[in-house]
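Source file: protein_9.csv (CSV, C-alpha atoms)
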```
chain,number,residue,atom,x,y,z
H,25,MET,CA,-25.9,-17.7,-9.8
H,26,SER,CA,-25.6,-16.6,-13.4
H,27,ARG,CA,-27.5,-13.7,-14.9
H,28,ALA,CA,-28.1,-13.0,-18.5
H,29,ASN,CA,-26.8,-9.9,-20.3
H,30,LEU,CA,-23.9,-9.3,-17.9
H,31,LEU,CA,-20.4,-9.3,-19.2
H,32,ASP,CA,-18.1,-12.3,-18.7
H,33,ARG,CA,-15.1,-11.6,-16.4
H,34,ARG,CA,-12.6,-13.4,-18.6
H,35,SER,CA,-13.6,-11.5,-21.7
H,36,VAL,CA,-13.6,-8.2,-19.8
H,37,VAL,CA,-10.0,-8.8,-18.6
H,38,SER,CA,-8.7,-10.1,-22.0
H,39,THR,CA,-10.2,-7.0,-23.7
H,40,LEU,CA,-8.5,-4.8,-21.1
H,41,LEU,CA,-5.1,-6.5,-21.7
H,42,LYS,CA,-5.3,-7.1,-25.4
H,43,GLY,CA,-3.4,-4.0,-26.4
H,44,ARG,CA,-0.9,-4.4,-23.6
H,45,LYS,CA,2.6,-3.0,-24.2
H,46,ASP,CA,4.7,-2.2,-21.1
H,47,ALA,CA,1.9,-2.1,-18.5
H,48,ILE,CA,2.4,-3.6,-15.0
H,49,VAL,CA,-0.8,-5.4,-14.0
H,50,VAL,CA,-1.8,-6.1,-10.4
H,51,GLY,CA,-4.4,-8.7,-9.8
H,52,GLY,CA,-6.4,-8.6,-6.5
H,53,LEU,CA,-6.8,-11.7,-4.3
H,54,GLY,CA,-9.2,-14.2,-5.7
H,55,ALA,CA,-10.7,-14.6,-9.1
H,56,SER,CA,-9.2,-11.4,-10.5
H,57,THR,CA,-5.7,-13.0,-10.3
H,58,TYR,CA,-7.1,-16.1,-12.2
H,59,ASP,CA,-8.6,-13.8,-14.8
H,60,ILE,CA,-5.3,-12.1,-15.4
H,61,ALA,CA,-3.5,-15.5,-15.6
H,62,ALA,CA,-6.1,-16.7,-18.1
H,63,ALA,CA,-5.3,-13.7,-20.3
H,64,GLY,CA,-1.7,-15.0,-20.4
H,65,ASP,CA,1.1,-15.2,-18.0
H,66,HIS,CA,3.4,-12.2,-18.3
H,67,GLU,CA,6.6,-11.1,-16.5
H,68,ARG,CA,4.9,-7.8,-15.5
H,69,ASN,CA,1.9,-9.5,-13.8
H,70,PHE,CA,1.7,-8.9,-10.1
H,71,TYR,CA,-0.5,-11.7,-8.8
H,72,LEU,CA,-1.8,-11.5,-5.3
H,73,TRP,CA,-2.9,-14.5,-3.3
H,74,GLY,CA,-3.5,-12.7,0.0
H,75,ALA,CA,-3.1,-9.2,1.4
H,76,MET,CA,-6.8,-8.6,0.9
H,77,GLY,CA,-7.5,-4.8,0.5
H,78,GLY,CA,-4.0,-4.1,-0.6
H,79,ALA,CA,-4.2,-4.3,-4.4
H,80,VAL,CA,-4.8,-0.6,-5.1
H,81,MET,CA,-2.0,0.4,-2.7
H,82,ILE,CA,0.5,-2.0,-4.3
H,83,GLY,CA,-0.5,-0.5,-7.6
H,84,LEU,CA,0.0,3.0,-6.2
H,85,GLY,CA,3.5,2.1,-5.0
H,86,VAL,CA,4.5,0.8,-8.4
H,87,ALA,CA,2.9,3.8,-10.2
H,88,LEU,CA,4.7,6.4,-8.1
H,89,ALA,CA,8.0,4.5,-8.7
H,90,GLN,CA,7.5,4.2,-12.4
H,91,PRO,CA,5.5,7.2,-13.6
H,92,LYS,CA,6.1,6.6,-17.3
H,93,LEU,CA,4.6,3.1,-17.2
H,94,PRO,CA,0.9,2.3,-17.2
H,95,VAL,CA,0.0,0.5,-14.0
H,96,VAL,CA,-3.3,-1.4,-14.0
H,97,VAL,CA,-5.1,-2.8,-10.9
H,98,ILE,CA,-7.8,-5.3,-11.6
H,99,THR,CA,-9.6,-6.5,-8.6
H,100,GLY,CA,-13.0,-7.6,-7.2
H,101,ASP,CA,-15.7,-5.7,-5.3
H,102,GLY,CA,-14.9,-7.5,-2.1
H,103,GLU,CA,-11.2,-6.8,-2.2
H,104,MET,CA,-11.9,-3.2,-3.2
H,105,LEU,CA,-14.4,-2.8,-0.3
H,106,MET,CA,-11.7,-3.9,2.2
H,107,GLY,CA,-9.3,-1.3,0.8
H,108,MET,CA,-11.8,1.5,0.2
H,109,GLY,CA,-9.6,4.0,2.1
H,110,SER,CA,-6.9,3.5,-0.5
H,111,LEU,CA,-9.2,5.3,-3.0
H,112,ALA,CA,-8.9,8.4,-0.8
H,113,THR,CA,-5.1,8.0,-0.8
H,114,VAL,CA,-5.0,7.7,-4.6
H,115,GLY,CA,-7.3,10.7,-4.9
H,116,LEU,CA,-4.8,12.7,-2.9
H,117,GLN,CA,-1.7,11.5,-4.8
H,118,GLN,CA,-3.3,11.7,-8.3
H,119,PRO,CA,-1.0,9.2,-10.0
H,120,LYS,CA,-1.6,9.9,-13.7
H,121,ASN,CA,-0.5,6.5,-14.8
H,122,LEU,CA,-2.7,4.4,-12.5
H,123,SER,CA,-5.9,2.7,-13.6
H,124,ILE,CA,-8.2,0.7,-11.3
H,125,ILE,CA,-10.8,-1.7,-12.6
H,126,VAL,CA,-13.3,-3.4,-10.4
H,127,LEU,CA,-14.9,-6.6,-11.6
H,128,ASP,CA,-18.1,-6.4,-9.6
H,129,ASN,CA,-20.1,-9.6,-9.3
H,130,GLU,CA,-21.7,-8.4,-6.1
H,131,VAL,CA,-20.7,-11.5,-4.2
H,132,TYR,CA,-17.7,-13.1,-2.4
H,133,GLY,CA,-17.4,-15.8,-5.0
H,134,GLU,CA,-14.4,-17.6,-3.5
H,135,THR,CA,-16.2,-18.2,-0.2
H,136,GLY,CA,-19.6,-19.4,-1.2
H,137,GLY,CA,-21.2,-16.5,-3.0
H,138,GLN,CA,-22.3,-14.4,0.0
H,139,ALA,CA,-23.6,-11.0,-1.0
H,140,SER,CA,-21.2,-8.1,-0.9
H,141,HIS,CA,-22.1,-4.5,-0.1
H,142,THR,CA,-22.2,-3.6,-3.8
H,143,ALA,CA,-25.3,-5.9,-4.2
H,144,SER,CA,-27.3,-3.3,-2.3
H,145,ASN,CA,-26.3,0.3,-1.6
H,146,THR,CA,-22.6,0.8,-2.1
H,147,ASP,CA,-21.6,2.5,-5.3
H,148,LEU,CA,-17.8,2.1,-5.8
H,149,VAL,CA,-17.8,4.4,-8.8
H,150,GLY,CA,-19.4,7.1,-6.6
H,151,VAL,CA,-16.9,6.5,-3.9
H,152,ALA,CA,-14.0,6.8,-6.3
H,153,LYS,CA,-15.4,10.1,-7.7
H,154,ALA,CA,-16.0,11.4,-4.2
H,155,CYS,CA,-12.3,10.7,-3.4
H,156,GLY,CA,-11.2,13.0,-6.2
H,157,ILE,CA,-10.6,10.4,-8.9
H,158,THR,CA,-12.0,12.4,-11.9
H,159,ASP,CA,-12.0,9.8,-14.7
H,160,VAL,CA,-14.6,7.4,-13.3
H,161,ARG,CA,-16.7,5.2,-15.5
H,162,THR,CA,-19.1,2.3,-15.5
H,163,PHE,CA,-18.6,-0.2,-18.3
H,164,ALA,CA,-21.7,-1.4,-20.0
H,165,THR,CA,-20.5,-2.7,-23.3
H,166,VAL,CA,-17.4,-4.2,-24.8
H,167,GLY,CA,-16.9,-0.9,-26.7
H,168,ASP,CA,-16.7,1.0,-23.3
H,169,ILE,CA,-13.9,-1.4,-22.3
H,170,GLU,CA,-12.0,-1.1,-25.5
H,171,ALA,CA,-12.0,2.7,-25.3
H,172,PHE,CA,-10.9,2.7,-21.7
H,173,ALA,CA,-8.2,0.1,-22.4
H,174,ALA,CA,-6.7,2.2,-25.3
H,175,SER,CA,-6.4,5.3,-23.1
H,176,MET,CA,-5.0,3.4,-20.1
H,177,HIS,CA,-2.3,1.7,-22.2
H,178,ASP,CA,-1.3,4.7,-24.3
H,179,ASP,CA,-1.8,7.7,-22.1
H,180,VAL,CA,0.1,7.8,-18.8
H,181,SER,CA,-0.9,11.4,-18.2
H,182,GLY,CA,-4.7,11.0,-18.1
H,183,GLY,CA,-5.2,9.2,-14.8
H,184,PRO,CA,-5.9,8.3,-12.2
H,185,ARG,CA,-8.7,6.3,-13.7
H,186,PHE,CA,-11.4,4.1,-12.1
H,187,ALA,CA,-13.9,1.9,-13.7
H,188,SER,CA,-16.4,-0.7,-12.5
H,189,VAL,CA,-18.1,-3.3,-14.5
H,190,LYS,CA,-20.9,-5.5,-13.3
H,191,ILE,CA,-20.0,-9.1,-14.3
H,192,ASP,CA,-21.7,-12.4,-14.3
H,193,SER,CA,-21.1,-14.1,-10.9
H,194,ALA,CA,-20.6,-17.6,-12.2
H,195,ASN,CA,-17.4,-19.2,-10.8
H,196,LEU,CA,-15.2,-20.1,-13.6
H,197,GLU,CA,-12.4,-22.7,-13.7
H,198,ARG,CA,-9.4,-21.4,-11.8
H,199,VAL,CA,-6.4,-20.6,-13.9
H,200,LEU,CA,-3.6,-20.8,-11.4
H,201,ALA,CA,-0.7,-18.3,-11.5
H,202,SER,CA,2.5,-18.5,-9.6
H,203,ARG,CA,2.0,-18.3,-5.8
H,204,ASP,CA,5.7,-17.6,-5.1
H,205,GLY,CA,5.8,-13.9,-4.0
H,206,THR,CA,9.6,-13.5,-4.3
H,207,PHE,CA,9.4,-15.0,-7.8
H,208,ILE,CA,6.6,-12.7,-8.8
H,209,VAL,CA,8.1,-9.5,-7.5
H,210,ASN,CA,11.7,-10.3,-8.6
H,211,ARG,CA,10.4,-11.1,-12.1
H,212,ILE,CA,8.8,-7.7,-12.3
H,213,ARG,CA,12.0,-6.0,-11.0
H,214,GLY,CA,14.0,-7.9,-13.5
H,215,ALA,CA,11.7,-6.9,-16.4
H,216,LEU,CA,12.3,-3.3,-15.3
H,217,GLY,CA,16.0,-3.7,-15.2
H,218,PHE,CA,16.6,-4.0,-11.4
H,219,SER,CA,19.2,-6.5,-10.2
H,220,PRO,CA,18.7,-8.8,-7.2
H,221,ILE,CA,20.4,-7.6,-3.9
N,27,MET,CA,-2.3,12.9,15.8
N,28,HIS,CA,-1.7,14.5,19.1
N,29,ALA,CA,0.5,17.3,20.1
N,30,ARG,CA,3.1,16.3,22.6
N,31,SER,CA,4.1,18.4,25.5
N,32,GLU,CA,6.9,20.8,25.0
N,33,THR,CA,9.0,22.0,27.8
N,34,PRO,CA,9.3,25.8,27.6
N,35,GLY,CA,12.6,26.9,26.2
N,36,GLN,CA,13.4,23.3,24.9
N,37,ALA,CA,15.3,23.4,21.7
N,38,THR,CA,14.0,21.5,18.6
N,39,PRO,CA,15.5,18.0,19.0
N,40,SER,CA,18.2,17.0,16.6
N,41,TRP,CA,17.4,13.3,16.3
N,42,PRO,CA,14.6,13.7,13.7
N,43,GLU,CA,17.2,15.5,11.6
N,44,ASP,CA,19.6,12.5,12.1
N,45,ILE,CA,16.8,10.2,10.8
N,46,PHE,CA,16.2,12.4,7.8
N,47,GLY,CA,19.8,12.4,6.9
N,48,ILE,CA,19.9,8.5,7.0
N,49,LEU,CA,16.8,8.2,4.8
N,50,GLN,CA,18.4,10.5,2.3
N,51,ARG,CA,21.6,8.6,2.3
N,52,PHE,CA,19.8,5.3,1.7
N,53,ASP,CA,17.9,6.8,-1.2
N,54,VAL,CA,14.5,6.5,0.4
N,55,ARG,CA,11.9,7.8,-2.1
N,56,GLN,CA,8.5,6.9,-0.8
N,57,VAL,CA,7.4,7.9,2.8
N,58,PRO,CA,3.9,6.7,3.7
N,59,TYR,CA,2.7,7.9,7.0
N,60,VAL,CA,-0.2,8.2,9.4
N,61,PRO,CA,0.8,11.3,11.4
N,62,ASP,CA,2.0,11.3,14.9
N,63,ALA,CA,3.3,14.2,16.9
N,64,GLY,CA,6.5,12.3,17.5
N,65,HIS,CA,7.1,12.2,13.7
N,66,SER,CA,6.0,15.7,12.9
N,67,GLN,CA,9.4,17.2,12.5
N,68,LEU,CA,10.5,14.4,10.2
N,69,ILE,CA,7.3,14.6,8.2
N,70,GLU,CA,7.8,18.3,7.6
N,71,ARG,CA,11.3,17.6,6.3
N,72,VAL,CA,10.0,14.9,4.0
N,73,LEU,CA,7.2,17.1,2.6
N,74,ALA,CA,9.8,19.8,1.8
N,75,GLU,CA,12.2,17.3,0.0
N,76,PRO,CA,11.6,17.0,-3.7
N,77,SER,CA,13.4,13.6,-4.0
N,78,MET,CA,10.9,12.1,-1.5
N,79,ARG,CA,7.2,11.4,-2.0
N,80,ALA,CA,5.2,11.8,1.2
N,81,VAL,CA,2.1,9.6,1.1
N,82,PRO,CA,-0.5,10.3,3.8
N,83,LEU,CA,-2.5,7.2,4.5
N,84,THR,CA,-6.0,6.5,5.8
N,85,THR,CA,-4.7,3.5,7.7
N,86,GLU,CA,-1.3,2.1,8.3
N,87,GLU,CA,-1.7,-1.1,6.5
N,88,GLU,CA,-1.9,0.9,3.3
N,89,GLY,CA,1.7,1.8,3.8
N,90,VAL,CA,2.9,-1.8,3.9
N,91,ALA,CA,1.3,-2.5,0.6
N,92,LEU,CA,2.5,0.7,-0.9
N,93,LEU,CA,6.1,-0.2,0.0
N,94,ALA,CA,5.8,-3.6,-1.6
N,95,GLY,CA,4.7,-1.9,-4.8
N,96,ALA,CA,7.5,0.6,-4.5
N,97,TRP,CA,10.0,-2.2,-4.2
N,98,ALA,CA,8.6,-3.9,-7.3
N,99,GLY,CA,9.0,-0.6,-9.1
N,100,GLY,CA,12.6,-0.1,-7.9
N,101,GLN,CA,12.2,2.4,-5.1
N,102,ARG,CA,12.9,2.2,-1.3
N,103,GLY,CA,10.5,3.5,1.2
N,104,VAL,CA,9.9,3.8,5.0
N,105,LEU,CA,6.6,3.7,6.9
N,106,LEU,CA,6.1,6.2,9.7
N,107,MET,CA,3.5,5.4,12.2
N,108,GLN,CA,2.5,5.3,15.9
N,109,SER,CA,2.4,2.1,18.0
N,110,SER,CA,-1.4,1.9,17.6
N,111,GLY,CA,-0.9,1.7,13.9
N,112,VAL,CA,1.1,-1.6,14.2
N,113,GLY,CA,-2.1,-3.3,15.1
N,114,ASN,CA,-3.8,-2.0,12.0
N,115,CYS,CA,-1.1,-3.7,9.8
N,116,VAL,CA,-1.1,-7.3,11.0
N,117,ASN,CA,-2.4,-9.2,8.0
N,118,MET,CA,-0.6,-6.9,5.5
N,119,PHE,CA,2.7,-7.6,7.3
N,120,SER,CA,2.5,-11.0,5.5
N,121,LEU,CA,3.9,-9.2,2.5
N,122,THR,CA,7.2,-8.6,4.2
N,123,GLN,CA,7.6,-12.4,4.4
N,124,ILE,CA,6.0,-13.3,1.0
N,125,PHE,CA,8.0,-10.8,-1.0
N,126,ARG,CA,11.1,-10.6,1.2
N,127,PHE,CA,11.3,-6.9,0.4
N,128,PRO,CA,13.3,-4.3,2.3
N,129,PHE,CA,10.6,-3.2,4.8
N,130,LEU,CA,11.5,-0.5,7.3
N,131,THR,CA,9.1,1.2,9.7
N,132,LEU,CA,9.8,3.8,12.3
N,133,VAL,CA,7.3,3.5,15.1
N,134,THR,CA,6.7,6.2,17.8
N,135,MET,CA,5.6,4.6,21.0
N,136,ARG,CA,2.6,5.4,23.2
N,137,GLY,CA,1.3,3.6,26.2
N,138,GLU,CA,4.6,3.6,28.1
N,139,TRP,CA,6.8,5.9,30.2
N,140,GLY,CA,4.4,8.1,32.0
N,141,GLU,CA,1.4,7.6,29.7
N,142,PHE,CA,-1.7,9.5,30.8
N,143,ASN,CA,-4.2,7.9,28.4
N,144,PRO,CA,-5.0,4.3,29.4
N,145,TRP,CA,-6.5,3.6,25.9
N,146,GLN,CA,-3.0,3.7,24.5
N,147,VAL,CA,-1.6,1.1,26.9
N,148,PRO,CA,-3.0,-2.2,25.5
N,149,MET,CA,-1.7,-1.8,22.0
N,150,GLY,CA,1.5,0.0,23.1
N,151,SER,CA,2.3,-2.9,25.4
N,152,ILE,CA,2.0,-5.6,22.7
N,153,THR,CA,3.6,-3.6,19.9
N,154,PRO,CA,7.1,-5.2,20.1
N,155,GLY,CA,5.5,-8.7,20.4
N,156,VAL,CA,3.2,-8.2,17.4
N,157,LEU,CA,6.1,-7.1,15.2
N,158,GLU,CA,8.2,-10.0,16.3
N,159,LEU,CA,5.4,-12.5,15.8
N,160,ALA,CA,5.0,-11.0,12.3
N,161,GLY,CA,8.7,-11.8,11.6
N,162,ILE,CA,9.9,-8.2,11.8
N,163,LYS,CA,13.1,-7.5,13.7
N,164,VAL,CA,12.7,-4.9,16.4
N,165,LEU,CA,15.2,-2.3,17.4
N,166,ARG,CA,14.6,0.5,19.9
N,167,ALA,CA,16.0,3.9,20.6
N,168,SER,CA,15.2,5.6,23.9
N,169,HIS,CA,17.8,8.4,24.1
N,170,PRO,CA,18.5,11.1,21.6
N,171,ASN,CA,22.2,10.2,21.2
N,172,GLU,CA,21.4,6.6,20.1
N,173,VAL,CA,18.8,7.4,17.5
N,174,ARG,CA,21.3,7.8,14.7
N,175,ASP,CA,23.1,4.5,15.3
N,176,VAL,CA,19.9,2.5,15.7
N,177,VAL,CA,18.2,3.9,12.6
N,178,GLU,CA,21.4,3.5,10.6
N,179,ALA,CA,21.7,-0.2,11.6
N,180,ALA,CA,18.0,-0.7,10.9
N,181,ALA,CA,18.2,0.9,7.5
N,182,ARG,CA,21.3,-1.1,6.6
N,183,GLN,CA,19.8,-4.5,7.5
N,184,ALA,CA,16.4,-3.6,5.9
N,185,TYR,CA,17.7,-2.2,2.6
N,186,GLU,CA,20.9,-4.3,2.2
N,187,ALA,CA,19.8,-7.6,3.7
N,188,CYS,CA,16.1,-7.4,2.9
N,189,THR,CA,15.4,-8.1,6.6
N,190,PRO,CA,12.1,-6.5,7.6
N,191,THR,CA,12.9,-4.2,10.5
N,192,ALA,CA,11.0,-1.8,12.9
N,193,VAL,CA,12.6,0.9,15.0
N,194,LEU,CA,10.6,1.7,18.1
N,195,LEU,CA,11.2,5.4,19.1
N,196,SER,CA,10.5,5.2,22.9
N,197,GLN,CA,8.0,7.5,24.5
N,198,ARG,CA,10.9,8.4,26.8
N,199,LEU,CA,12.7,9.8,23.8
N,200,ILE,CA,9.7,11.7,22.4
N,201,GLY,CA,8.1,12.8,25.7
N,202,ALA,CA,4.8,11.8,27.1
N,203,LYS,CA,1.8,13.7,25.9
N,204,VAL,CA,0.5,16.0,28.6
N,205,PHE,CA,-3.3,16.6,28.8
N,206,VAL,CA,-4.4,19.8,30.3
N,207,LYS,CA,-7.9,21.1,30.8
```

Once more with this new file: its structure as structure tokens, please.
Amino acid sequence: MSRANLLDRRSVVSTLLKGRKDAIVVGGLGASTYDIAAAGDHERNFYLWGAMGGAVMIGLGVALAQPKLPVVVITGDGEMLMGMGSLATVGLQQPKNLSIIVLDNEVYGETGGQASHTASNTDLVGVAKACGITDVRTFATVGDIEAFAASMHDDVSGGPRFASVKIDSANLERVLASRDGTFIVNRIRGALGFSPI
Amino acid sequence: MHARSETPGQATPSWPEDIFGILQRFDVRQVPYVPDAGHSQLIERVLAEPSMRAVPLTTEEEGVALLAGAWAGGQRGVLLMQSSGVGNCVNMFSLTQIFRFPFLTLVTMRGEWGEFNPWQVPMGSITPGVLELAGIKVLRASHPNEVRDVVEAAARQAYEACTPTAVLLSQRLIGAKVFVK
């Protein structure tokens, strides 16, 4: 189902990553990983093809290890719902360089479009705020995204940040990233200057 | 999250200190945990150590994902949990195979050796099997004087050979929890 006047997920992600410099970008299982790949493959892209519910925690692990680098988690509402406790863990750790963006289409798009909890009562921005993440936002316009993107890429002392954007639920053509986990993680490590064992 | 029994006059055990020393020596930096009384002494040491980041979790599977991210970012970590937490991790254990990263977990056992609470027995009984099915090597320490060697071997194969490894710290080692009215 496609609704008018909602933002398109690919343009949201490409806007978020347009000013990218040294950021590490984690893509949650499902369409978020395709969106990140569609914005251009990058040696610092951390694509996930499984581990549903783990995207934010993977981002937190990177963020704590690399506090001077912006770390960006882009995931969907279903994946975020499965890892909702991780927002409490982020709220406790307060990683200043971590930004979390939820592309909320209110459905499980990969599995037939079944409604997710955000289609009715669950407010993920409210959850993030209640977990102690102070910079929480809802994107309504491209301008909102551009302002957020500039701060997340340039200011690694202003987080943790959390943003949600309601997007069109149309399923787009898949843009397939690498599915090889050791390649993905070792490519990131190499970009950061770490040698293989 | 349960206090274990303490025998009056019993000295603080030295094996948690042995584990802490090994973690320091292997440059372990991130220590996610769900508390267990059997890990309480180690957790206190980690919380007081500036070179280590203690990360309390809401559920153990968060720790598996955290350590995968830590590895990508160039840091080693160890997940501290109780045997019941192993069941909470099952799907996330996939990451240890997919990334072939140096995963180490130290698991305090319940549901064995004089357990009082039957609710601990089902998961405690399958803990070694679940880990093995997930492709994680299982070592066990049951006596204070073997903890150092076992954890040292586990750390070496996890960090130097990227072989996912769990050390089970037996209930016999830690002491069965005593429930009193």

Segment 161-174 of chain H environment, 8 Å, only C-alpha atoms, sequence neighbours closer than 6 positions dropped, as a count of residues only: 12

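With only C-alpha atoms as the basis for measurement, N:Thr84 is the residue among N:Gln50, N:Ser151, N:Thr84, N:Thr131 that approaches chain H most closely.
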
Chain H residues near chain N (8 Å cut-off, only C-alpha atoms) as a list of chain:residue names: H:Ala75, H:Met76, H:Gly78, H:Ala79, H:Met81, H:Ile82, H:Gly83, H:Leu84, H:Gly85, H:Val86, H:Ala87, H:Leu88, H:Ala89, H:Gln90, H:Gly109, H:Ser110, H:Ala112, H:Thr113, H:Gln117, H:Asp204, H:Gly205, H:Thr206, H:Val209, H:Asn210, H:Ile212, H:Arg213, H:Leu216, H:Phe218, H:Ile221

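Considering only C-alpha atoms, the residue among H:Leu93, H:Met108, H:Ala154, H:Leu72 positioned nearest to Ser123 of chain H is H:Leu93.
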
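Put simply, atom CA of Pro119 of chain H is 20.8 Å away from atom CA of Gly100 of chain H.
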
Output segment 134-153 of chain H as a PDB file, in the frame of the given file, making sure N, CA and C atoms are there.
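Final output, selection04.pdb:
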```pdb
ATOM      1  N   GLU H 134     -15.351 -16.536  -3.922  1.00  0.00           N
ATOM      2  CA  GLU H 134     -14.400 -17.600  -3.500  1.00  0.00           C
ATOM      3  C   GLU H 134     -14.886 -18.292  -2.230  1.00  0.00           C
ATOM      4  N   THR H 135     -15.833 -17.707  -1.529  1.00  0.00           N
ATOM      5  CA  THR H 135     -16.200 -18.200  -0.200  1.00  0.00           C
ATOM      6  C   THR H 135     -17.629 -18.718  -0.123  1.00  0.00           C
ATOM      7  N   GLY H 136     -18.262 -18.869  -1.275  1.00  0.00           N
ATOM      8  CA  GLY H 136     -19.600 -19.400  -1.200  1.00  0.00           C
ATOM      9  C   GLY H 136     -20.684 -18.489  -1.796  1.00  0.00           C
ATOM     10  N   GLY H 137     -20.256 -17.340  -2.302  1.00  0.00           N
ATOM     11  CA  GLY H 137     -21.200 -16.500  -3.000  1.00  0.00           C
ATOM     12  C   GLY H 137     -22.053 -15.588  -2.063  1.00  0.00           C
ATOM     13  N   GLN H 138     -21.532 -15.292  -0.879  1.00  0.00           N
ATOM     14  CA  GLN H 138     -22.300 -14.400   0.000  1.00  0.00           C
ATOM     15  C   GLN H 138     -22.322 -12.981  -0.606  1.00  0.00           C
ATOM     16  N   ALA H 139     -23.428 -12.297  -0.411  1.00  0.00           N
ATOM     17  CA  ALA H 139     -23.600 -11.000  -1.000  1.00  0.00           C
ATOM     18  C   ALA H 139     -22.588  -9.977  -0.470  1.00  0.00           C
ATOM     19  N   SER H 140     -22.058  -9.145  -1.362  1.00  0.00           N
ATOM     20  CA  SER H 140     -21.200  -8.100  -0.900  1.00  0.00           C
ATOM     21  C   SER H 140     -22.029  -6.776  -0.820  1.00  0.00           C
ATOM     22  N   HIS H 141     -21.408  -5.724  -0.309  1.00  0.00           N
ATOM     23  CA  HIS H 141     -22.100  -4.500  -0.100  1.00  0.00           C
ATOM     24  C   HIS H 141     -22.577  -3.836  -1.430  1.00  0.00           C
ATOM     25  N   THR H 142     -21.862  -4.184  -2.529  1.00  0.00           N
ATOM     26  CA  THR H 142     -22.200  -3.600  -3.800  1.00  0.00           C
ATOM     27  C   THR H 142     -23.546  -4.170  -4.345  1.00  0.00           C
ATOM     28  N   ALA H 143     -24.004  -5.275  -3.744  1.00  0.00           N
ATOM     29  CA  ALA H 143     -25.300  -5.900  -4.200  1.00  0.00           C
ATOM     30  C   ALA H 143     -26.444  -4.983  -3.706  1.00  0.00           C
ATOM     31  N   SER H 144     -26.205  -4.148  -2.725  1.00  0.00           N
ATOM     32  CA  SER H 144     -27.300  -3.300  -2.300  1.00  0.00           C
ATOM     33  C   SER H 144     -26.969  -1.818  -2.488  1.00  0.00           C
ATOM     34  N   ASN H 145     -26.401  -1.138  -1.529  1.00  0.00           N
ATOM     35  CA  ASN H 145     -26.300   0.300  -1.600  1.00  0.00           C
ATOM     36  C   ASN H 145     -24.982   0.915  -2.016  1.00  0.00           C
ATOM     37  N   THR H 146     -23.897   0.169  -1.846  1.00  0.00           N
ATOM     38  CA  THR H 146     -22.600   0.800  -2.100  1.00  0.00           C
ATOM     39  C   THR H 146     -22.277   0.948  -3.547  1.00  0.00           C
ATOM     40  N   ASP H 147     -21.924   2.144  -3.926  1.00  0.00           N
ATOM     41  CA  ASP H 147     -21.600   2.500  -5.300  1.00  0.00           C
ATOM     42  C   ASP H 147     -20.115   2.836  -5.371  1.00  0.00           C
ATOM     43  N   LEU H 148     -19.291   1.882  -5.785  1.00  0.00           N
ATOM     44  CA  LEU H 148     -17.800   2.100  -5.800  1.00  0.00           C
ATOM     45  C   LEU H 148     -17.408   3.205  -6.725  1.00  0.00           C
ATOM     46  N   VAL H 149     -18.110   3.358  -7.843  1.00  0.00           N
ATOM     47  CA  VAL H 149     -17.800   4.400  -8.800  1.00  0.00           C
ATOM     48  C   VAL H 149     -18.035   5.792  -8.085  1.00  0.00           C
ATOM     49  N   GLY H 150     -19.127   5.868  -7.359  1.00  0.00           N
ATOM     50  CA  GLY H 150     -19.400   7.100  -6.600  1.00  0.00           C
ATOM     51  C   GLY H 150     -18.372   7.358  -5.541  1.00  0.00           C
ATOM     52  N   VAL H 151     -17.910   6.293  -4.876  1.00  0.00           N
ATOM     53  CA  VAL H 151     -16.900   6.500  -3.900  1.00  0.00           C
ATOM     54  C   VAL H 151     -15.595   6.998  -4.499  1.00  0.00           C
ATOM     55  N   ALA H 152     -15.198   6.385  -5.627  1.00  0.00           N
ATOM     56  CA  ALA H 152     -14.000   6.800  -6.300  1.00  0.00           C
ATOM     57  C   ALA H 152     -14.067   8.285  -6.710  1.00  0.00           C
ATOM     58  N   LYS H 153     -15.212   8.664  -7.233  1.00  0.00           N
ATOM     59  CA  LYS H 153     -15.400  10.100  -7.700  1.00  0.00           C
ATOM     60  C   LYS H 153     -15.341  10.993  -6.463  1.00  0.00           C
TER      61      LYS H 153
END
```
